[in-house]
Structures are given as structure tokens and as C-alpha cells.
>>> print(open('model_22.txt').read())   # compact mmCIF, C-alpha atoms and all ligand atoms
# COMPACT_ATOMS: atom_id res chain seq x y z
CA MET Z 1126 60.15 333.11 162.84
CA SER Z 1127 59.90 329.38 163.46
CA GLU Z 1128 63.67 328.85 163.30
CA ARG Z 1129 64.47 331.74 165.60
CA PRO Z 1130 66.36 330.76 168.74
CA PHE Z 1131 65.08 330.64 172.29
CA THR Z 1132 66.71 332.96 174.84
CA GLU Z 1133 66.13 332.90 178.56
CA LEU Z 1134 65.76 336.37 180.09
CA VAL Z 1135 65.95 337.42 183.72
CA VAL Z 1136 64.01 340.46 184.97
CA THR Z 1137 66.33 343.14 186.36
CA ALA Z 1138 63.86 346.01 186.90
CA ARG Z 1139 60.26 347.10 186.47
CA GLU Z 1140 59.27 350.74 186.04
CA GLN Z 1141 55.73 352.13 185.89
CA LEU Z 1142 55.84 354.51 182.89
CA THR Z 1143 52.19 355.56 183.01
CA PRO Z 1144 49.05 354.12 184.65
CA GLY Z 1145 48.70 351.92 181.55
CA MET Z 1146 52.24 350.88 180.79
CA VAL Z 1147 55.18 349.23 182.53
CA ARG Z 1148 58.75 348.90 181.29
CA VAL Z 1149 60.41 345.64 182.23
CA ARG Z 1150 64.17 345.40 181.84
CA PHE Z 1151 65.85 342.07 181.23
CA GLU Z 1152 69.31 340.57 181.14
CA ALA Z 1153 69.94 337.38 179.20
CA ALA Z 1154 70.80 334.33 181.30
CA ASP Z 1155 73.38 333.46 178.63
CA HIS Z 1156 74.97 336.48 176.90
CA GLU Z 1157 76.34 334.42 174.02
CA VAL Z 1158 72.96 333.00 173.13
CA PHE Z 1159 71.48 336.50 173.33
CA ALA Z 1160 74.22 338.00 171.15
CA ALA Z 1161 73.80 335.29 168.52
CA ALA Z 1162 70.04 335.85 168.41
CA PHE Z 1163 70.12 339.67 168.24
CA ALA Z 1164 73.36 340.34 166.35
CA ASP Z 1165 71.78 340.65 162.90
CA SER Z 1166 68.54 342.36 163.95
CA ALA Z 1167 68.38 345.69 162.13
CA PHE Z 1168 64.61 346.23 162.22
CA THR Z 1169 63.25 348.92 164.52
CA ASP Z 1170 60.02 346.93 164.97
CA ARG Z 1171 61.98 343.89 166.16
CA TYR Z 1172 59.75 341.69 168.27
CA VAL Z 1173 60.04 338.59 170.39
CA LYS Z 1174 57.54 335.89 171.33
CA LEU Z 1175 57.31 335.46 175.08
CA VAL Z 1176 56.72 331.83 176.02
CA PHE Z 1177 54.30 331.29 178.93
CA PRO Z 1178 54.17 327.67 180.16
CA GLN Z 1179 50.66 326.58 181.17
CA PRO Z 1180 49.66 324.22 184.00
CA ASP Z 1181 48.59 321.54 181.46
CA GLY Z 1182 52.10 321.45 179.94
CA SER Z 1183 51.21 323.50 176.87
CA THR Z 1184 52.71 326.92 176.13
CA VAL Z 1185 51.11 330.22 175.17
CA LEU Z 1186 52.99 332.78 173.06
CA ARG Z 1187 52.65 336.56 173.31
CA THR Z 1188 54.35 339.03 170.94
CA TYR Z 1189 56.23 342.13 172.16
CA THR Z 1190 58.58 344.76 170.74
CA ALA Z 1191 62.15 344.33 171.98
CA LEU Z 1192 63.59 347.74 172.84
CA GLU Z 1193 67.23 348.76 173.05
CA PRO Z 1194 68.83 345.33 172.70
CA ASP Z 1195 72.42 345.77 173.87
CA ILE Z 1196 74.59 342.92 172.64
CA GLY Z 1197 77.54 343.88 174.86
CA ALA Z 1198 75.51 344.08 178.04
CA GLY Z 1199 73.11 341.26 177.15
CA THR Z 1200 70.10 343.42 177.96
CA LEU Z 1201 66.81 344.62 176.46
CA ALA Z 1202 63.59 346.26 177.61
CA ILE Z 1203 59.93 345.66 176.84
CA ASP Z 1204 57.15 348.21 177.37
CA PHE Z 1205 53.95 346.32 178.23
CA VAL Z 1206 50.45 347.77 178.04
CA VAL Z 1207 48.73 346.87 181.29
CA HIS Z 1208 45.16 346.37 180.18
CA GLY Z 1209 43.56 345.02 183.35
CA THR Z 1210 43.51 341.56 184.84
CA GLU Z 1211 42.55 339.78 181.60
CA GLY Z 1212 45.16 337.98 179.57
CA ILE Z 1213 48.57 336.50 180.31
CA ALA Z 1214 51.39 338.86 179.34
CA GLY Z 1215 49.85 342.11 180.61
CA PRO Z 1216 49.18 340.78 184.14
CA TRP Z 1217 52.57 339.00 184.16
CA ALA Z 1218 54.39 342.27 183.40
CA ALA Z 1219 52.39 344.23 185.96
CA ASP Z 1220 53.67 341.90 188.70
CA ALA Z 1221 57.13 341.10 187.29
CA GLU Z 1222 59.88 341.13 189.90
CA GLU Z 1223 63.65 341.17 189.77
CA GLY Z 1224 64.88 337.62 189.26
CA ASP Z 1225 61.76 336.38 187.41
CA ARG Z 1226 62.66 334.34 184.35
CA ILE Z 1227 60.99 334.08 180.97
CA THR Z 1228 61.94 332.44 177.69
CA VAL Z 1229 61.56 334.39 174.46
CA ARG Z 1230 61.80 333.33 170.84
CA GLY Z 1231 63.12 335.68 168.20
CA PRO Z 1232 63.67 338.35 167.23
CA GLY Z 1233 61.58 338.87 164.11
CA GLY Z 1234 60.84 342.17 162.41
CA ALA Z 1235 60.12 343.74 159.07
CA TYR Z 1236 60.49 347.51 159.20
CA ALA Z 1237 63.12 350.19 159.64
CA PRO Z 1238 62.52 353.76 158.48
CA ASP Z 1239 63.79 354.25 154.94
CA PRO Z 1240 66.36 357.09 154.93
CA GLY Z 1241 65.44 357.73 151.29
CA ALA Z 1242 61.82 358.65 152.05
CA ASP Z 1243 60.81 362.34 151.91
CA TRP Z 1244 58.78 362.03 155.09
CA HIS Z 1245 57.66 359.45 157.62
CA LEU Z 1246 54.22 358.66 158.95
CA LEU Z 1247 54.23 356.77 162.26
CA ALA Z 1248 50.83 355.93 163.74
CA ALA Z 1249 50.05 353.67 166.68
CA ASP Z 1250 48.18 353.11 169.89
CA GLU Z 1251 49.95 352.17 173.13
CA ALA Z 1252 50.77 348.64 171.89
CA GLY Z 1253 52.54 350.11 168.86
CA LEU Z 1254 54.11 352.98 170.78
CA PRO Z 1255 57.31 351.05 171.67
CA ALA Z 1256 57.93 350.36 167.98
CA VAL Z 1257 57.23 354.03 167.15
CA ARG Z 1258 59.71 355.00 169.87
CA ALA Z 1259 62.35 352.76 168.28
CA ALA Z 1260 61.62 354.14 164.80
CA LEU Z 1261 61.94 357.74 166.01
CA ALA Z 1262 65.26 356.92 167.66
CA ALA Z 1263 66.56 355.48 164.37
CA LEU Z 1264 65.62 358.48 162.20
CA SER Z 1265 68.31 360.94 161.18
CA ALA Z 1266 68.27 364.41 162.76
CA GLU Z 1267 67.14 365.85 159.40
CA ALA Z 1268 64.18 363.48 158.96
CA SER Z 1269 60.71 364.93 158.81
CA GLY Z 1270 57.25 363.56 159.25
CA HIS Z 1271 54.41 363.00 161.64
CA ALA Z 1272 53.91 360.62 164.57
CA VAL Z 1273 50.35 360.09 165.77
CA VAL Z 1274 49.84 358.14 169.00
CA HIS Z 1275 46.47 357.21 170.47
CA VAL Z 1276 46.20 356.95 174.26
CA PRO Z 1277 43.04 356.63 176.38
CA ALA Z 1278 43.78 359.50 178.82
CA GLU Z 1279 46.16 362.42 179.37
CA GLU Z 1280 48.16 360.59 182.04
CA HIS Z 1281 49.11 357.92 179.47
CA ILE Z 1282 51.15 360.41 177.43
CA GLN Z 1283 54.87 359.62 177.54
CA GLU Z 1284 58.08 361.40 176.66
CA LEU Z 1285 58.94 360.64 173.09
CA ASP Z 1286 62.22 361.80 171.56
CA GLY Z 1287 62.67 362.25 167.84
CA PRO Z 1288 64.00 364.58 165.18
CA ALA Z 1289 62.75 368.18 165.38
CA GLY Z 1290 61.13 367.78 161.96
CA VAL Z 1291 58.84 364.96 163.11
CA GLU Z 1292 55.75 366.41 164.71
CA VAL Z 1293 54.26 364.27 167.47
CA THR Z 1294 50.50 364.37 167.99
CA TRP Z 1295 48.95 362.66 171.02
CA VAL Z 1296 45.35 361.67 170.41
CA VAL Z 1297 43.65 361.43 173.81
CA SER Z 1298 40.38 359.55 173.43
CA THR Z 1299 38.49 356.47 174.53
CA GLU Z 1300 36.90 356.18 171.06
CA PRO Z 1301 38.12 353.11 169.13
CA ASP Z 1302 38.21 355.09 165.86
CA ALA Z 1303 40.23 358.00 167.23
CA LEU Z 1304 43.47 356.92 165.53
CA PRO Z 1305 42.01 356.59 161.99
CA GLU Z 1306 40.31 359.97 162.37
CA ALA Z 1307 43.51 361.64 163.56
CA VAL Z 1308 45.56 360.14 160.71
CA ARG Z 1309 43.07 361.53 158.19
CA GLU Z 1310 43.43 364.98 159.75
CA ILE Z 1311 47.19 365.40 159.50
CA ALA Z 1312 48.52 367.70 156.81
CA TRP Z 1313 49.86 365.60 153.94
CA PRO Z 1314 53.29 366.83 152.80
CA VAL Z 1315 54.39 366.31 149.20
CA GLY Z 1316 56.93 363.62 148.35
CA ARG Z 1317 57.36 359.95 149.09
CA VAL Z 1318 56.12 358.82 152.49
CA HIS Z 1319 57.25 355.71 154.33
CA ALA Z 1320 54.48 354.66 156.71
CA PHE Z 1321 54.50 352.55 159.87
CA VAL Z 1322 51.01 351.97 161.29
CA HIS Z 1323 50.31 349.40 164.03
CA GLY Z 1324 47.76 349.09 166.80
CA GLU Z 1325 44.27 347.70 167.42
CA ALA Z 1326 43.49 345.59 164.38
CA HIS Z 1327 40.09 346.93 163.41
CA ALA Z 1328 41.19 350.57 163.67
CA VAL Z 1329 44.35 349.91 161.69
CA MET Z 1330 43.22 347.42 159.05
CA HIS Z 1331 39.73 348.79 158.38
CA GLY Z 1332 40.17 352.43 159.42
CA ILE Z 1333 43.64 353.33 158.12
CA ARG Z 1334 44.81 350.79 155.56
CA PRO Z 1335 42.16 351.63 152.90
CA TYR Z 1336 42.88 355.33 153.45
CA LEU Z 1337 46.62 354.91 152.82
CA LEU Z 1338 46.53 352.34 150.05
CA LYS Z 1339 43.37 353.34 148.16
CA GLU Z 1340 42.64 357.00 148.91
CA ARG Z 1341 46.26 358.15 149.14
CA GLY Z 1342 47.48 355.53 146.67
CA LEU Z 1343 50.65 354.64 148.57
CA PRO Z 1344 52.58 351.68 147.14
CA ARG Z 1345 52.14 348.59 149.32
CA ALA Z 1346 55.93 348.37 149.78
CA ASP Z 1347 56.00 351.80 151.44
CA VAL Z 1348 53.43 350.88 154.08
CA SER Z 1349 54.18 348.71 157.12
CA ILE Z 1350 50.72 348.11 158.56
CA SER Z 1351 49.21 345.42 160.78
CA GLY Z 1352 47.06 344.83 163.81
CA TYR Z 1353 49.02 344.28 167.00
CA TRP Z 1354 45.98 343.14 168.99
CA ARG Z 1355 42.23 342.80 168.56
CA ARG Z 1356 39.66 344.22 170.93
CA GLY Z 1357 37.73 341.39 172.63
CA ARG Z 1358 40.12 338.66 171.46
CA THR Z 1359 43.13 336.99 173.02
CA GLU Z 1360 46.23 336.70 170.84
CA GLU Z 1361 45.09 333.19 169.77
CA GLY Z 1362 41.63 334.49 168.83
CA PHE Z 1363 43.27 337.38 167.00
CA ARG Z 1364 45.41 334.99 164.93
CA ALA Z 1365 42.18 333.30 163.79
CA TRP Z 1366 40.71 336.75 162.92
CA LYS Z 1367 43.77 337.55 160.79
CA GLN Z 1368 43.43 334.25 158.93
CA GLU Z 1369 39.77 335.02 158.22
CA LEU Z 1370 40.68 338.50 156.98
CA ALA Z 1371 43.41 337.11 154.73
CA SER Z 1372 41.11 334.46 153.25
CA THR Z 1373 38.26 336.92 152.54
CA GLU Z 1374 40.75 339.20 150.78
CA GLY Z 1375 42.08 336.27 148.74
C1 LIG Z 1401 54.73 342.53 166.30
C2 LIG Z 1401 53.97 342.91 167.59
C3 LIG Z 1401 54.57 343.72 168.53
C4 LIG Z 1401 53.89 344.07 169.69
N1 LIG Z 1401 54.51 344.86 170.63
C5 LIG Z 1401 53.87 345.18 171.77
C6 LIG Z 1401 54.53 345.97 172.77
O1 LIG Z 1401 55.70 346.32 172.65
N2 LIG Z 1401 53.83 346.28 173.89
C7 LIG Z 1401 52.53 345.85 174.09
O2 LIG Z 1401 51.94 346.15 175.12
N3 LIG Z 1401 51.89 345.10 173.16
C8 LIG Z 1401 52.53 344.75 172.02
N4 LIG Z 1401 51.91 343.96 171.09
C9 LIG Z 1401 50.52 343.57 171.36
C10 LIG Z 1401 50.41 342.34 172.28
O3 LIG Z 1401 51.00 341.21 171.65
C11 LIG Z 1401 48.91 342.05 172.53
O4 LIG Z 1401 48.32 343.15 173.16
C12 LIG Z 1401 48.65 340.76 173.32
O5 LIG Z 1401 47.33 340.37 173.05
C13 LIG Z 1401 48.82 340.94 174.82
O6 LIG Z 1401 48.68 339.66 175.44
P1 LIG Z 1401 47.93 339.46 176.84
O7 LIG Z 1401 48.27 338.08 177.29
O8 LIG Z 1401 48.23 340.60 177.76
O9 LIG Z 1401 46.39 339.55 176.47
P2 LIG Z 1401 45.51 338.45 175.65
O10 LIG Z 1401 45.38 337.18 176.45
O11 LIG Z 1401 46.04 338.31 174.27
O12 LIG Z 1401 44.09 339.18 175.60
C14 LIG Z 1401 43.22 339.25 176.75
C15 LIG Z 1401 42.25 340.43 176.56
O13 LIG Z 1401 42.96 341.66 176.62
C16 LIG Z 1401 42.69 342.45 175.47
N5 LIG Z 1401 43.92 343.19 175.09
C17 LIG Z 1401 45.06 342.66 174.58
N6 LIG Z 1401 45.96 343.64 174.33
C18 LIG Z 1401 45.37 344.80 174.70
C19 LIG Z 1401 45.79 346.16 174.68
N7 LIG Z 1401 47.01 346.53 174.22
N8 LIG Z 1401 44.94 347.11 175.13
C20 LIG Z 1401 43.69 346.77 175.59
N9 LIG Z 1401 43.24 345.49 175.64
C21 LIG Z 1401 44.08 344.52 175.19
C22 LIG Z 1401 42.27 341.45 174.38
O14 LIG Z 1401 41.46 342.06 173.41
C23 LIG Z 1401 41.53 340.41 175.19
O15 LIG Z 1401 40.19 340.81 175.39
C24 LIG Z 1401 52.56 343.59 169.91
C25 LIG Z 1401 51.97 342.76 168.96
C26 LIG Z 1401 52.66 342.43 167.80
C27 LIG Z 1401 51.99 341.53 166.77
>>> encode(input="model_22.txt", output="C-alpha cells")
Amino acid sequence: MSERPFTELVVTAREQLTPGMVRVRFEAADHEVFAAAFADSAFTDRYVKLVFPQPDGSTVLRTYTALEPDIGAGTLAIDFVVHGTEGIAGPWAADAEEGDRITVRGPGGAYAPDPGADWHLLAADEAGLPAVRAALAALSAEASGHAVVHVPAEEHIQELDGPAGVEVTWVVSTEPDALPEAVREIAWPVGRVHAFVHGEAHAVMHGIRPYLLKERGLPRADVSISGYWRRGRTEEGFRAWKQELASTEG
């Protein structure tokens, strides 16, 4: 994503979706720059890097799913998990006000549901929920499958629209391994599955990836899977964790 353009966004609204998530709506300061950046973005997991300038002159990047980019209107939305006072992006979003400005770089992305798959598996926690929402919106009305979303409490459950044939299961638990356990429990239809699995890195990479690739034998190309964040680590610390994981796996 290094050559992706920078776009300045202006906050137009903030909406509290649940106690743990806020939706911030943005309009691009320059619609042409926005249109050029987003025109060719066909991935449902499209993401941007938010650039947070620091007092020492450095910048910190945070990665978020860009929802509903509208080229004509120059707008998009981001759903932020509000995970307390720690961190940079979460607290920024919790207090974002109309008129606030932020620069983003992107978009990047890698996944869109394959219309040729027999069924779709979508699994995420709240950080991956926006991307699951976008994937569900892109599926055809005839698509079938299973969406599994892990939230810490009942009041974090959100409305989630999708095709009638995609069953949505909300896993309400404070247990870190709740998502892997729930994915193992779903009925496994016959046919080719296209999987999209993103959330806390340990749960996803250690709890679900071996299940899908080794136990279920899914081809690597049919599985979009990665950690979106790592418990106990900032995004910088998480990048180091990913490098360690990649080097131990060769
Ligand atoms: C491609 C991609 C798309 C993503 N899309 C979204 C999205 O649409 N919405 C979204 O909310 N997140 C999304 N994320 C995850 C987000 O980038 C991380 O959660 C990021 O660490 C948040 O930055 P921060 O400054 O708030 O916290 P950091 O400074 O990175 O971390 C501070 C502390 O908060 C903890 N923490 C970070 N995230 C969470 C969380 N979700 N729940 C509980 N504790 C947390 C960390 O473990 C650390 O202890 C995405 C990540 C990727 C890679």
C-alpha cells in the first residue's frame, strides 16, 4: 500500500452504534482526490491507514475498514471499536466531532466474496465486523453460508443485513477463544467454501487457521484470514508479532 494516495477527510457525524462501537462519517476535503483513490477499489475488506501526527513530529498509523465509499458524494464511514482509554484511534473516534480532520492513506484490500463459491464462511470479532458487514452487503440474494460474530456482551449485537441463506450467529462471550469454538460448532455444508476470518490475532491465527487449512483442508486461496489486532499489543507491537510469526513459519 506504500504508493497509495493520501486523502484528507472531514468528520461529518458520529453515531454510537453500541456501547463498544462508534460510526464516524466523513466527507473528503477534496472530492477529486477521494474519487481517484477509491475509484478502482472493488474489495469488500477495503481498508485505510489513518495517520495520527504525534507531538514529536512523527506519525502513527492505524488500520480501519472503509465502509460505503461513495465516489459521487465524496463520503465514507468507519466503524471504530471503542476499547477504553488505551490507544490512539479508539479514543480519537470516541471523541470525534463534526469538522475534525484526519488524513488517511489507501485504500488497500484483498477480499471480495467469490460468487462462484457454494457457500461463504464469515467469522470475526467486533474489529472484523465492519468488513463482514460489507461482505454480506456484496453477496447475491441467492448466496448461502454462515456468519459468526463474537461480541463481549448482548448490548454489542448490531443489526446485520444479508441474504436469507446466510445464517448469522452472534457469539456473546468474554472468553478469548469463543470465536474459534463457535466456528468449529457450525454445521459444515458440502461444496466449495470461500472463507473470510478476521479478528484478534491469536484467536484467528492459532484457533481458526489450523482448523480451516489443516483439519478442513481448505485451499489457501479460498481462505482470507488474518489478525486485525493483538490483545495486549498496540498496532506497532502487533506488526512485530506478525513478523515473528511469519519468520517461525518460514
Ligand atoms: C485490515 C484491517 C482492518 C481493520 N478494520 C477495523 C475496523 O473497521 N474497526 C475497528 O475497530 N478495528 C479495525 N481494525 C483493527 C484496528 O486496526 C486495531 O484494533 C488497532 O489496534 C486500533 O488502534 P488503537 O490506536 O485504538 O489501539 P492501539 O494503540 O493499537 O492498542 C492499544 C491497546 O488496545 C488494545 N486493542 C486494540 N484494538 C482492540 C480491540 N478491537 N478490542 C480490544 N482491545 C483492543 C491493544 O491490544 C492494546 O492493548 C482493522 C485492522 C486491520 C489490519
>>> residues_near_ligand(input="model_22.txt", ligand="ligand LIG 1401 (chain Z)", cutoff="9 Å", atoms="all atoms listed in the file", output="number ranges by chain")
Z: 1145-1147, 1170-1174, 1185-1192, 1203-1218, 1233-1234, 1250-1256, 1323-1325, 1351-1363
>>> residues_around(input="model_22.txt", residues="stretch 1308-1315 of chain Z", least_positions_apart="2", cutoff="10 Å", atoms="only C-alpha atoms", output="PyMOL selection string")
chain Z and resi 1243-1249+1269-1274+1294+1296+1303-1306+1317-1318+1322+1332-1333+1336-1337+1341
>>> residues_around(input="model_22.txt", residues="Z:Thr1137", least_positions_apart="5", cutoff="7 Å", atoms="only C-alpha atoms", output="PDB file with C-alpha atoms, in the coordinates of the input")
ATOM      1  CA  ARG Z1150      64.170 345.400 181.840  1.00  0.00           C
ATOM      2  CA  PHE Z1151      65.850 342.070 181.230  1.00  0.00           C
ATOM      3  CA  GLU Z1152      69.310 340.570 181.140  1.00  0.00           C
ATOM      4  CA  GLU Z1223      63.650 341.170 189.770  1.00  0.00           C
ATOM      5  CA  GLY Z1224      64.880 337.620 189.260  1.00  0.00           C
TER       6      GLY Z1224
END
>>> residues_around(input="model_22.txt", residues="Z:Val1229", least_positions_apart="4", cutoff="7 Å", atoms="all atoms listed in the file", output="VMD selection string")
chain Z and resid 1131 to 1133 1173 to 1176
>>> write_last_selection(input="model_22.txt", atoms="C-alpha atoms", output="compact mmCIF listing (two decimals), in the coordinates of the input")
# COMPACT_ATOMS: atom_id res chain seq x y z
CA PHE Z 1131 65.08 330.64 172.29
CA THR Z 1132 66.71 332.96 174.84
CA GLU Z 1133 66.13 332.90 178.56
CA VAL Z 1173 60.04 338.59 170.39
CA LYS Z 1174 57.54 335.89 171.33
CA LEU Z 1175 57.31 335.46 175.08
CA VAL Z 1176 56.72 331.83 176.02
>>> closest_residue(input="model_22.txt", among="Z:Arg1345, Z:Lys1367, Z:Lys1339, Z:His1156", to="Z:His1319", atoms="all atoms listed in the file")
Z:Arg1345
>>> closest_residue(input="model_22.txt", among="Z:Thr1169, Z:Ser1349, Z:Thr1200, Z:Thr1299", to="Z:Leu1264", atoms="all atoms listed in the file")
Z:Thr1169
>>> axis_aligned_box(input="model_22.txt", around="stretch 1153-1162 of chain Z", padding_each_side="8 Å", output="JSON")
{"center_x": 73.1, "center_y": 335.5, "center_z": 174.9, "size_x": 22.4, "size_y": 21.0, "size_z": 28.9}
>>> closest_residue(input="model_22.txt", among="Z:Ala1289, Z:Val1329, Z:Ile1227, Z:Ala1242", to="Z:Phe1177", atoms="all atoms listed in the file")
Z:Ile1227
